[in-house]
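**Student:** This is query_10.txt, which holds compact mmCIF, C-alpha atoms:
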# COMPACT_ATOMS: atom_id res chain seq x y z
CA MET A 1 13.02 11.93 -19.92
CA TYR A 2 11.72 12.19 -23.49
CA ARG A 3 14.86 10.53 -24.90
CA LEU A 4 14.77 7.91 -22.17
CA SER A 5 11.14 7.12 -23.01
CA LEU A 6 11.98 6.77 -26.69
CA PHE A 7 14.86 4.43 -25.78
CA PHE A 8 12.59 2.14 -23.73
CA ILE A 9 9.96 2.17 -26.47
CA PHE A 10 12.61 1.16 -29.00
CA ILE A 11 13.96 -1.63 -26.77
CA SER A 12 10.45 -2.91 -26.03
CA SER A 13 9.46 -2.99 -29.69
CA THR A 14 12.70 -4.79 -30.58
CA VAL A 15 12.18 -7.44 -27.90
CA PHE A 16 8.55 -7.88 -28.93
CA ALA A 17 9.59 -8.34 -32.59
CA GLN A 18 12.13 -11.01 -31.60
CA ILE A 19 9.53 -12.82 -29.48
CA GLU A 20 7.13 -12.69 -32.41
CA ASP A 21 9.85 -14.17 -34.66
CA LEU A 22 10.51 -16.95 -32.13
CA VAL A 23 6.82 -17.81 -32.00
CA GLY A 24 6.70 -17.90 -35.80
CA VAL A 25 9.74 -20.18 -36.06
CA THR A 26 8.27 -22.51 -33.44
CA GLN A 27 4.93 -22.75 -35.24
CA ASP A 28 6.67 -23.48 -38.54
CA LEU A 29 8.89 -26.19 -37.04
CA VAL A 30 5.88 -27.86 -35.42
CA PHE A 31 3.97 -27.79 -38.72
CA LEU A 32 6.92 -29.22 -40.69
CA SER A 33 7.58 -31.87 -38.03
CA GLU A 34 3.98 -33.09 -38.18
CA GLN A 35 4.05 -33.30 -41.98
CA TYR A 36 7.38 -35.13 -41.88
CA VAL A 37 6.61 -37.84 -39.34
CA THR A 38 2.83 -38.48 -39.60
CA PRO A 39 3.05 -40.90 -42.60
CA ALA A 40 5.54 -43.06 -40.67
CA ALA A 41 3.28 -43.05 -37.63
CA GLU A 42 0.26 -44.11 -39.69
CA ALA A 43 2.31 -46.76 -41.50
CA ALA A 44 3.27 -48.24 -38.13
CA VAL A 45 -0.43 -48.86 -37.46
CA TYR A 46 -0.58 -51.23 -40.43
CA GLN A 47 2.75 -52.81 -39.49
CA SER A 48 1.34 -53.63 -36.06
CA SER A 49 -2.22 -54.65 -36.98
CA GLY A 50 -1.68 -57.58 -39.38
CA GLY A 51 -0.63 -61.20 -38.90
CA TRP A 52 -2.25 -61.78 -35.51
CA TYR A 53 -3.83 -65.10 -36.52
CA THR A 54 -3.44 -68.06 -38.87
CA SER A 55 -7.03 -69.29 -38.57
CA ALA A 56 -10.38 -68.32 -37.07
CA LYS A 57 -10.70 -71.86 -35.69
CA ALA A 58 -10.61 -72.16 -31.90
CA LYS A 59 -7.48 -73.63 -30.35
CA ASP A 60 -7.78 -76.42 -27.82
CA LEU A 61 -7.17 -75.56 -24.19
CA TRP A 62 -3.47 -74.89 -23.49
CA ASP A 63 -2.46 -75.41 -27.12
CA PHE A 64 0.49 -73.16 -28.05
CA GLU A 65 1.56 -71.63 -31.33
CA PHE A 66 5.05 -70.09 -31.53
CA SER A 67 5.67 -67.84 -34.54
CA LEU A 68 8.63 -66.12 -36.11
CA GLN A 69 7.41 -63.50 -38.57
CA GLY A 70 8.93 -61.24 -41.17
CA ASN A 71 7.07 -57.97 -41.64
CA MET A 72 7.37 -55.80 -44.78
CA LEU A 73 5.62 -52.47 -45.31
CA PHE A 74 5.35 -51.13 -48.86
CA VAL A 75 5.92 -47.37 -49.12
CA LYS A 76 3.44 -45.65 -51.43
CA SER A 77 4.80 -42.73 -53.44
CA LYS A 78 1.87 -40.51 -52.43
CA TYR A 79 3.13 -40.58 -48.82
CA ASP A 80 6.88 -40.10 -49.42
CA SER A 81 6.79 -36.28 -49.70
CA PHE A 82 4.78 -33.25 -48.64
CA LEU A 83 4.41 -29.72 -50.01
CA ILE A 84 6.14 -26.82 -48.29
CA ASP A 85 4.22 -23.66 -49.19
CA GLU A 86 5.62 -20.35 -47.95
CA SER A 87 2.09 -18.90 -47.77
CA LYS A 88 1.33 -21.36 -44.92
CA LEU A 89 4.48 -20.52 -42.95
CA TYR A 90 4.90 -17.67 -40.44
CA ASN A 91 8.65 -17.14 -40.52
CA LEU A 92 10.57 -19.72 -42.56
CA THR A 93 11.09 -19.35 -46.30
CA ILE A 94 12.52 -21.47 -49.11
CA GLN A 95 15.92 -20.34 -50.31
CA GLY A 96 15.97 -19.08 -53.89
CA ASP A 97 13.09 -17.89 -56.04
CA GLU A 98 10.71 -20.79 -55.44
CA THR A 99 7.82 -20.31 -53.02
CA THR A 100 6.78 -23.99 -52.96
CA ALA A 101 8.77 -27.22 -52.89
CA TYR A 102 8.28 -30.90 -52.09
CA SER A 103 10.20 -32.21 -49.09
CA PRO A 104 10.56 -35.90 -48.12
CA THR A 105 8.59 -37.40 -45.26
CA ALA A 106 10.24 -39.88 -42.89
CA LEU A 107 9.29 -42.54 -45.48
CA GLY A 108 10.64 -40.52 -48.41
CA GLY A 109 13.92 -40.11 -50.27
CA ASP A 110 17.27 -38.57 -49.37
CA ASP A 111 16.70 -35.19 -51.03
CA PHE A 112 15.96 -32.04 -49.04
CA VAL A 113 14.74 -28.44 -49.28
CA PRO A 114 17.04 -25.55 -48.13
CA LEU A 115 15.16 -23.29 -45.73
CA GLU A 116 15.98 -20.09 -43.88
CA GLY A 117 14.46 -18.04 -41.10
CA HIS A 118 15.19 -14.99 -39.01
CA ILE A 119 15.01 -13.83 -35.42
CA GLY A 120 15.42 -10.09 -35.38
CA ASP A 121 18.43 -9.26 -37.54
CA TYR A 122 19.88 -12.77 -37.21
CA THR A 123 19.31 -15.08 -40.20
CA PHE A 124 19.82 -18.83 -40.00
CA GLU A 125 19.72 -21.61 -42.60
CA PHE A 126 19.06 -25.36 -42.51
CA ASP A 127 18.03 -28.26 -44.75
CA SER A 128 14.73 -30.08 -44.30
CA PRO A 129 15.15 -33.62 -42.87
CA GLU A 130 15.83 -36.51 -45.24
CA GLY A 131 13.73 -39.66 -45.47
CA LEU A 132 14.38 -43.38 -45.22
CA ASN A 133 14.97 -43.69 -48.99
CA GLU A 134 13.62 -47.26 -49.18
CA SER A 135 10.74 -48.71 -51.21
CA ASN A 136 9.80 -50.95 -48.28
CA VAL A 137 10.44 -51.28 -44.56
CA LYS A 138 11.31 -54.74 -43.17
CA HIS A 139 11.61 -56.07 -39.64
CA ALA A 140 11.16 -59.34 -37.69
CA GLN A 141 8.88 -60.10 -34.76
CA LEU A 142 8.04 -62.95 -32.37
CA GLN A 143 4.53 -64.07 -31.48
CA VAL A 144 3.03 -66.61 -29.08
CA ALA A 145 -0.63 -67.72 -29.01
CA MET A 146 -2.23 -69.92 -26.34
CA GLY A 147 -5.69 -71.53 -26.31
CA LEU A 148 -7.94 -70.76 -23.34
CA TRP A 149 -11.50 -71.67 -22.39
CA LYS A 150 -14.63 -71.11 -24.50
CA GLY A 151 -12.80 -70.85 -27.81
CA THR A 152 -10.65 -67.91 -26.68
CA THR A 153 -6.99 -67.45 -27.62
CA VAL A 154 -4.56 -65.02 -26.00
CA ILE A 155 -1.72 -63.66 -28.18
CA VAL A 156 1.50 -61.81 -27.30
CA ARG A 157 3.73 -60.11 -29.90
CA TYR A 158 7.17 -58.60 -29.49
CA SER A 159 9.62 -56.96 -31.86
CA PRO A 160 12.98 -56.01 -30.32
CA GLU A 161 14.32 -52.57 -31.11
CA ILE A 162 15.76 -52.64 -34.60
CA LYS A 163 17.51 -49.96 -36.64
CA ILE A 164 16.61 -49.41 -40.31
CA LYS A 165 19.21 -46.90 -41.53
CA LYS A 166 18.34 -43.83 -39.42
CA THR A 167 15.03 -45.19 -38.10
CA ASP A 168 14.53 -47.16 -34.88
CA TYR A 169 11.41 -49.33 -34.49
CA GLN A 170 10.06 -51.37 -31.57
CA ILE A 171 6.68 -52.96 -30.78
CA LEU A 172 4.92 -54.82 -27.99
CA GLY A 173 1.37 -56.09 -28.45
CA PHE A 174 -1.39 -58.21 -26.91
CA GLY A 175 -4.47 -59.75 -28.50
CA LEU A 176 -7.59 -61.79 -27.73
CA GLN A 177 -9.31 -63.93 -30.35
CA HIS A 178 -12.72 -65.52 -29.73
CA ASN A 179 -14.37 -68.13 -31.96
CA LEU A 180 -18.01 -67.27 -32.76
CA ASN A 181 -19.24 -70.57 -34.22
CA GLN A 182 -20.17 -71.87 -30.77
CA TRP A 183 -22.84 -69.18 -30.46
CA PHE A 184 -24.89 -69.95 -33.57
CA GLN A 185 -24.47 -73.66 -34.42
CA LYS A 186 -24.94 -76.99 -32.67
CA SER A 187 -21.93 -78.27 -30.74
CA ASN A 188 -21.78 -81.55 -32.69
CA ALA A 189 -22.08 -79.91 -36.10
CA GLN A 190 -19.02 -79.73 -38.34
CA PRO A 191 -18.58 -76.08 -39.42
CA THR A 192 -18.04 -75.34 -43.10
CA PHE A 193 -16.07 -72.28 -42.07
CA ASN A 194 -14.99 -70.54 -38.88
CA LEU A 195 -15.81 -67.05 -37.67
CA ALA A 196 -13.97 -65.18 -34.93
CA ALA A 197 -13.62 -61.75 -33.37
CA LEU A 198 -10.15 -60.40 -32.64
CA VAL A 199 -9.12 -57.42 -30.50
CA SER A 200 -5.46 -56.41 -30.38
CA TYR A 201 -3.49 -53.66 -28.66
CA SER A 202 -0.07 -52.48 -29.86
CA ASN A 203 2.38 -50.11 -28.22
CA TYR A 204 5.12 -49.06 -30.62
CA SER A 205 7.89 -46.51 -30.95
CA VAL A 206 9.29 -45.05 -34.18
CA SER A 207 12.31 -42.76 -33.97
CA ASN A 208 13.91 -40.91 -36.90
CA THR A 209 17.39 -39.35 -36.85
CA PHE A 210 18.23 -36.65 -39.40
CA SER A 211 20.89 -34.06 -40.13
CA ALA A 212 20.86 -31.42 -37.40
CA VAL A 213 18.55 -28.44 -37.88
CA SER A 214 20.44 -25.56 -36.25
CA THR A 215 18.68 -22.44 -34.94
CA PRO A 216 19.90 -19.59 -32.68
CA LEU A 217 18.25 -21.34 -29.73
CA GLY A 218 19.62 -24.84 -30.30
CA SER A 219 19.53 -27.75 -32.74
CA LEU A 220 17.15 -30.60 -33.59
CA ASN A 221 18.21 -34.02 -34.86
CA THR A 222 15.55 -36.59 -33.87
CA ILE A 223 11.79 -36.93 -33.78
CA SER A 224 10.07 -39.86 -32.10
CA VAL A 225 6.52 -41.14 -32.23
CA ASP A 226 5.11 -43.17 -29.36
CA GLY A 227 1.95 -44.83 -30.63
CA LYS A 228 -0.86 -46.79 -29.05
CA SER A 229 -3.23 -48.65 -31.34
CA TRP A 230 -6.36 -50.76 -30.88
CA ALA A 231 -7.57 -52.99 -33.72
CA PHE A 232 -11.02 -54.61 -33.89
CA ASN A 233 -11.41 -57.39 -36.46
CA LEU A 234 -14.08 -59.80 -37.69
CA LEU A 235 -12.39 -62.72 -39.42
CA ALA A 236 -13.35 -65.86 -41.27
CA SER A 237 -11.37 -68.92 -42.38
CA LYS A 238 -11.98 -72.16 -44.25
CA GLU A 239 -9.85 -75.30 -44.36
CA PHE A 240 -8.98 -77.27 -47.49
CA SER A 241 -6.98 -80.34 -46.51
CA ASN A 242 -3.70 -78.89 -45.12
CA TRP A 243 -4.50 -75.39 -46.32
CA THR A 244 -6.39 -72.62 -44.50
CA ILE A 245 -7.63 -69.54 -46.32
CA SER A 246 -8.61 -66.55 -44.16
CA SER A 247 -9.82 -63.00 -44.50
CA ALA A 248 -10.76 -60.19 -42.13
CA LEU A 249 -12.19 -56.69 -41.97
CA GLY A 250 -11.00 -54.38 -39.25
CA LEU A 251 -11.00 -50.92 -37.73
CA THR A 252 -7.98 -49.40 -35.99
CA SER A 253 -8.05 -46.57 -33.48
CA SER A 254 -4.64 -45.02 -32.74
CA SER A 255 -3.14 -42.17 -30.78
CA PHE A 256 0.32 -40.67 -31.30
CA GLU A 257 2.69 -38.64 -29.13
CA TYR A 258 5.46 -36.68 -30.87
CA ILE A 259 8.79 -35.87 -29.15
CA MET A 260 11.65 -33.80 -30.60
CA GLY A 261 15.27 -34.38 -29.56
CA GLY A 262 18.45 -32.37 -29.89
CA GLU A 263 20.22 -29.63 -27.96
CA GLY A 264 18.86 -26.47 -26.36
CA GLU A 265 16.61 -26.98 -23.35
CA GLY A 266 14.44 -23.93 -24.03
CA LEU A 267 13.88 -24.81 -27.69
CA LEU A 268 13.05 -28.46 -26.99
CA GLU A 269 10.70 -27.58 -24.14
CA THR A 270 8.84 -25.07 -26.32
CA LEU A 271 8.58 -27.40 -29.33
CA ASN A 272 7.54 -30.46 -27.35
CA SER A 273 4.90 -28.45 -25.50
CA ALA A 274 3.52 -27.34 -28.86
CA LEU A 275 3.70 -30.90 -30.23
CA GLU A 276 1.48 -32.07 -27.37
CA ASN A 277 -1.38 -30.30 -29.14
CA LEU A 278 -0.89 -32.62 -32.13
CA ALA A 279 -1.56 -35.74 -30.04
CA ASP A 280 -4.90 -37.03 -31.28
CA SER A 281 -6.74 -40.20 -32.20
CA LYS A 282 -7.13 -41.49 -35.73
CA SER A 283 -9.31 -44.30 -37.03
CA MET A 284 -8.56 -46.28 -40.20
CA PHE A 285 -10.14 -49.26 -41.93
CA LYS A 286 -8.16 -52.27 -43.10
CA ALA A 287 -8.63 -55.68 -44.69
CA ASP A 288 -6.56 -58.88 -44.35
CA LEU A 289 -6.14 -61.81 -46.71
CA GLY A 290 -4.11 -64.80 -45.53
CA VAL A 291 -3.11 -68.36 -46.34
CA ASP A 292 -1.62 -71.01 -44.03
CA TYR A 293 -0.14 -74.42 -44.92
CA ARG A 294 0.24 -77.06 -42.19
CA PHE A 295 3.00 -79.69 -42.20
CA HIS A 296 2.98 -81.95 -39.11
CA ASP A 297 3.47 -79.61 -36.11
CA PHE A 298 4.63 -76.73 -38.29
CA SER A 299 2.80 -74.33 -40.55
CA PHE A 300 3.81 -71.61 -42.97
CA ASN A 301 1.60 -68.58 -43.39
CA SER A 302 1.45 -65.39 -45.36
CA MET A 303 -0.89 -62.44 -44.81
CA ILE A 304 -1.30 -59.17 -46.64
CA THR A 305 -3.03 -56.18 -45.05
CA PHE A 306 -4.69 -53.55 -47.25
CA GLY A 307 -5.68 -50.01 -46.38
CA LYS A 308 -3.99 -46.64 -46.46
CA PHE A 309 -0.76 -48.67 -46.53
CA THR A 310 -0.05 -52.23 -47.63
CA ASN A 311 1.80 -54.62 -45.33
CA LEU A 312 2.95 -58.20 -45.90
CA ILE A 313 3.70 -60.75 -43.18
CA VAL A 314 5.37 -64.13 -43.78
CA GLY A 315 5.78 -66.49 -40.85
CA ILE A 316 6.79 -69.97 -39.73
CA ASN A 317 4.78 -71.41 -36.83
CA TYR A 318 5.31 -74.32 -34.44
CA ASN A 319 2.20 -75.80 -32.82
CA LEU A 320 2.53 -77.53 -29.47
Mind turning the file's structure into structure tokens?

**Tutor:**
Amino acid sequence: MYRLSLFFIFISSTVFAQIEDLVGVTQDLVFLSEQYVTPAAEAAVYQSSGGWYTSAKAKDLWDFEFSLQGNMLFVKSKYDSFLIDESKLYNLTIQGDETTAYSPTALGGDDFVPLEGHIGDYTFEFDSPEGLNESNVKHAQLQVAMGLWKGTTVIVRYSPEIKIKKTDYQILGFGLQHNLNQWFQKSNAQPTFNLAALVSYSNYSVSNTFSAVSTPLGSLNTISVDGKSWAFNLLASKEFSNWTISSALGLTSSSFEYIMGGEGEGLLETLNSALENLADSKSMFKADLGVDYRFHDFSFNSMITFGKFTNLIVGINYNL
């Protein structure tokens, strides 16, 4: 009985140690996943929040504006990598003698950091995910605006799913713009400039594919971010002959949901359950500066959005 008791104690302690290792690996993978994908998620907020208007002037009832836009996000070097510090990890370590190393984010380069971990006596190795390795991110989108009553314009935006190297991006958005001049000046007065309020909602998906991260419980090769973002803007514009100059100040409020993909039902279920705790709301300020040139029923516009990231939109618009 004494030997049998010692045997069960040994087995129990071994199982407990392996469970503890599994928990540590899971916590480390969740931490690294958040650091890897969060810059891309925040960048998508700026990709989706600019270019919603060409002027603060109210459209006439049932007037349409059809737009084809090119969208380009500039990747800042400060967001293309993050620090892996062994002192902040529970199980994983950096191979070699270094205890810290910079690893690319989803917006970063194509380098990587070799990592290793252990579950009991089993040791496994993998490379940290690579980044997009581009100085900017470009995609196209379609937009339609229609004039309603009381100086209100409804806007719909759509970007079909596109693939940028190993990144998939898609967006669907709605907006309402309301001219404010009618509330503080006489109806027959000619405004020197136009003021408007704009509220927009964007639902977007960003998915990154990377070299498989293999563990004893399965492998990981994708991480997706489903984002929902509200943007509240106060904008002003002034016309000079065929030119319109505009600017805006805005606040965005966004929430993100992270989802890992790969093989191994138990591993994915555990990681995605842990990633649910990362789903939160973030608020960021932004500013827009735009110019629009009208030529008969067409116009050409350009708008740059400043904030944590910088985004440029160039579009051609047909007014009906």

**Student:** Calculate how many Å separate atom CA of Phe66 of chain A from atom CA of Asn319 of chain A, rounding to one decimal.

**Tutor:**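 These two atoms are separated by 6.5 Å.
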
**Student:** Counting all atoms listed in the file, which residues sit no farther than 8 Å from the position (-17.1, -66.9, -32.2) in the file's frame? I'd like them as a CSV table (one decimal) with C-alpha atoms, in the frame of the given file.

**Tutor:**
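See selection25.csv below for the written result:
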chain,number,residue,atom,x,y,z
A,151,GLY,CA,-12.8,-70.8,-27.8
A,178,HIS,CA,-12.7,-65.5,-29.7
A,179,ASN,CA,-14.4,-68.1,-32.0
A,180,LEU,CA,-18.0,-67.3,-32.8
A,181,ASN,CA,-19.2,-70.6,-34.2
A,182,GLN,CA,-20.2,-71.9,-30.8
A,183,TRP,CA,-22.8,-69.2,-30.5
A,194,ASN,CA,-15.0,-70.5,-38.9
A,195,LEU,CA,-15.8,-67.0,-37.7
A,196,ALA,CA,-14.0,-65.2,-34.9
A,197,ALA,CA,-13.6,-61.8,-33.4

**Student:** Figure out the distance between atom CA of Gly51 of chain A and atom CA of Gln35 of chain A, please, to one decimal in Å.

**Tutor:**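 Those two atoms sit 28.5 Å apart.
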
**Student:** With all atoms listed in the file as the atoms that count, which of A:Asp111, A:Glu86, A:Asp80, A:Glu125 lies nearest to Thr215 of chain A?

**Tutor:** A:Glu125

**Student:** I need the residue nearest Ser103 of chain A from this list: A:Leu198, A:Leu132, A:Leu32, A:Leu251. Use all atoms listed in the file for the distance.

**Tutor:** A:Leu32

**Student:** Using all atoms listed in the file, can you tell me which of A:Ala56, A:Ile245, A:Leu22, A:Leu29 comes closest to Gly120 of chain A?

**Tutor:**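 Among the listed residues, the smallest separation from Gly120 of chain A belongs to A:Leu22.
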
**Student:** Which residue gives the smallest distance to Tyr53 of chain A among A:Leu267, A:Leu73, A:Met303, A:Val213, with only C-alpha atoms counted?

**Tutor:**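 Distance minimum relative to Tyr53 of chain A lands on A:Met303.
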
**Student:** How many Å separate atom CA of Ser302 of chain A from atom CA of Glu65 of chain A?

**Tutor:**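 Computing the Euclidean distance for atom CA of Ser302 of chain A and atom CA of Glu65 of chain A yields 15.4 Å.
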
**Student:** When you count only C-alpha atoms, which of these residues is closest to Phe285 of chain A: A:Pro216, A:Gly175, A:Gly307, A:Gly262?

**Tutor:**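 Of all the options, A:Gly307 lies closest to Phe285 of chain A.
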
**Student:** With a distance cut-off of 8 Å and only C-alpha atoms, select the neighbouring residues of Asp297 of chain A, excluding the residue or stretch itself and same-chain residues fewer than 3 positions from it, and output the selection as a count of residues only.

**Tutor:** 4

**Student:** Is there a way to get, as a list of chain:residue names, all residues within 12 Å of the point (-9.0, -41.4, -38.0) in file coordinates, counting all atoms listed in the file?

**Tutor:**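 Looking at atoms near the point gives A:Glu42, A:Val45, A:Ser229, A:Leu251, A:Thr252, A:Ser253, A:Ser254, A:Ser255, A:Phe256, A:Asp280, A:Ser281, A:Lys282, A:Ser283, A:Met284, A:Phe285, A:Lys308.
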
**Student:** Which one of A:Ser159, A:Asn208, A:Ser224, A:Asn242 sits closest to Glu257 of chain A if you count only C-alpha atoms?

**Tutor:**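 Closest residue, counting only C-alpha atoms: A:Ser224.
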
**Student:** Ser237 of chain A: which residues within 10 Å, counting only C-alpha atoms, same-chain residues fewer than 4 positions away excluded, as a short mmCIF file (atom, residue, chain, number, x, y, z; two decimals) with C-alpha atoms, in the coordinates of the input?

**Tutor:**
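Saved result, around28.cif, follows:
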data_model
loop_
_atom_site.label_atom_id
_atom_site.label_comp_id
_atom_site.auth_asym_id
_atom_site.auth_seq_id
_atom_site.Cartn_x
_atom_site.Cartn_y
_atom_site.Cartn_z
CA THR A 54 -3.44 -68.06 -38.87
CA SER A 55 -7.03 -69.29 -38.57
CA ALA A 56 -10.38 -68.32 -37.07
CA LYS A 57 -10.70 -71.86 -35.69
CA THR A 192 -18.04 -75.34 -43.10
CA PHE A 193 -16.07 -72.28 -42.07
CA ASN A 194 -14.99 -70.54 -38.88
CA LEU A 195 -15.81 -67.05 -37.67
CA ALA A 196 -13.97 -65.18 -34.93
CA THR A 244 -6.39 -72.62 -44.50
CA ILE A 245 -7.63 -69.54 -46.32
CA SER A 246 -8.61 -66.55 -44.16
CA SER A 247 -9.82 -63.00 -44.50
CA ALA A 248 -10.76 -60.19 -42.13
CA LEU A 289 -6.14 -61.81 -46.71
CA GLY A 290 -4.11 -64.80 -45.53
CA VAL A 291 -3.11 -68.36 -46.34
#

**Student:** Fewer than 6 positions away in the same chain doesn't count, so skip those; otherwise give me all residues within 12 Å of Glu161 of chain A, counting all atoms listed in the file, as a list in words.

**Tutor:**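 After dropping sequence-adjacent residues, the list is His139, Ala140, Gln141, Thr167, Asp168, Tyr169, Gln170, Ile171, Leu172, Tyr204, Ser205, Val206 and Ser207 of chain A.
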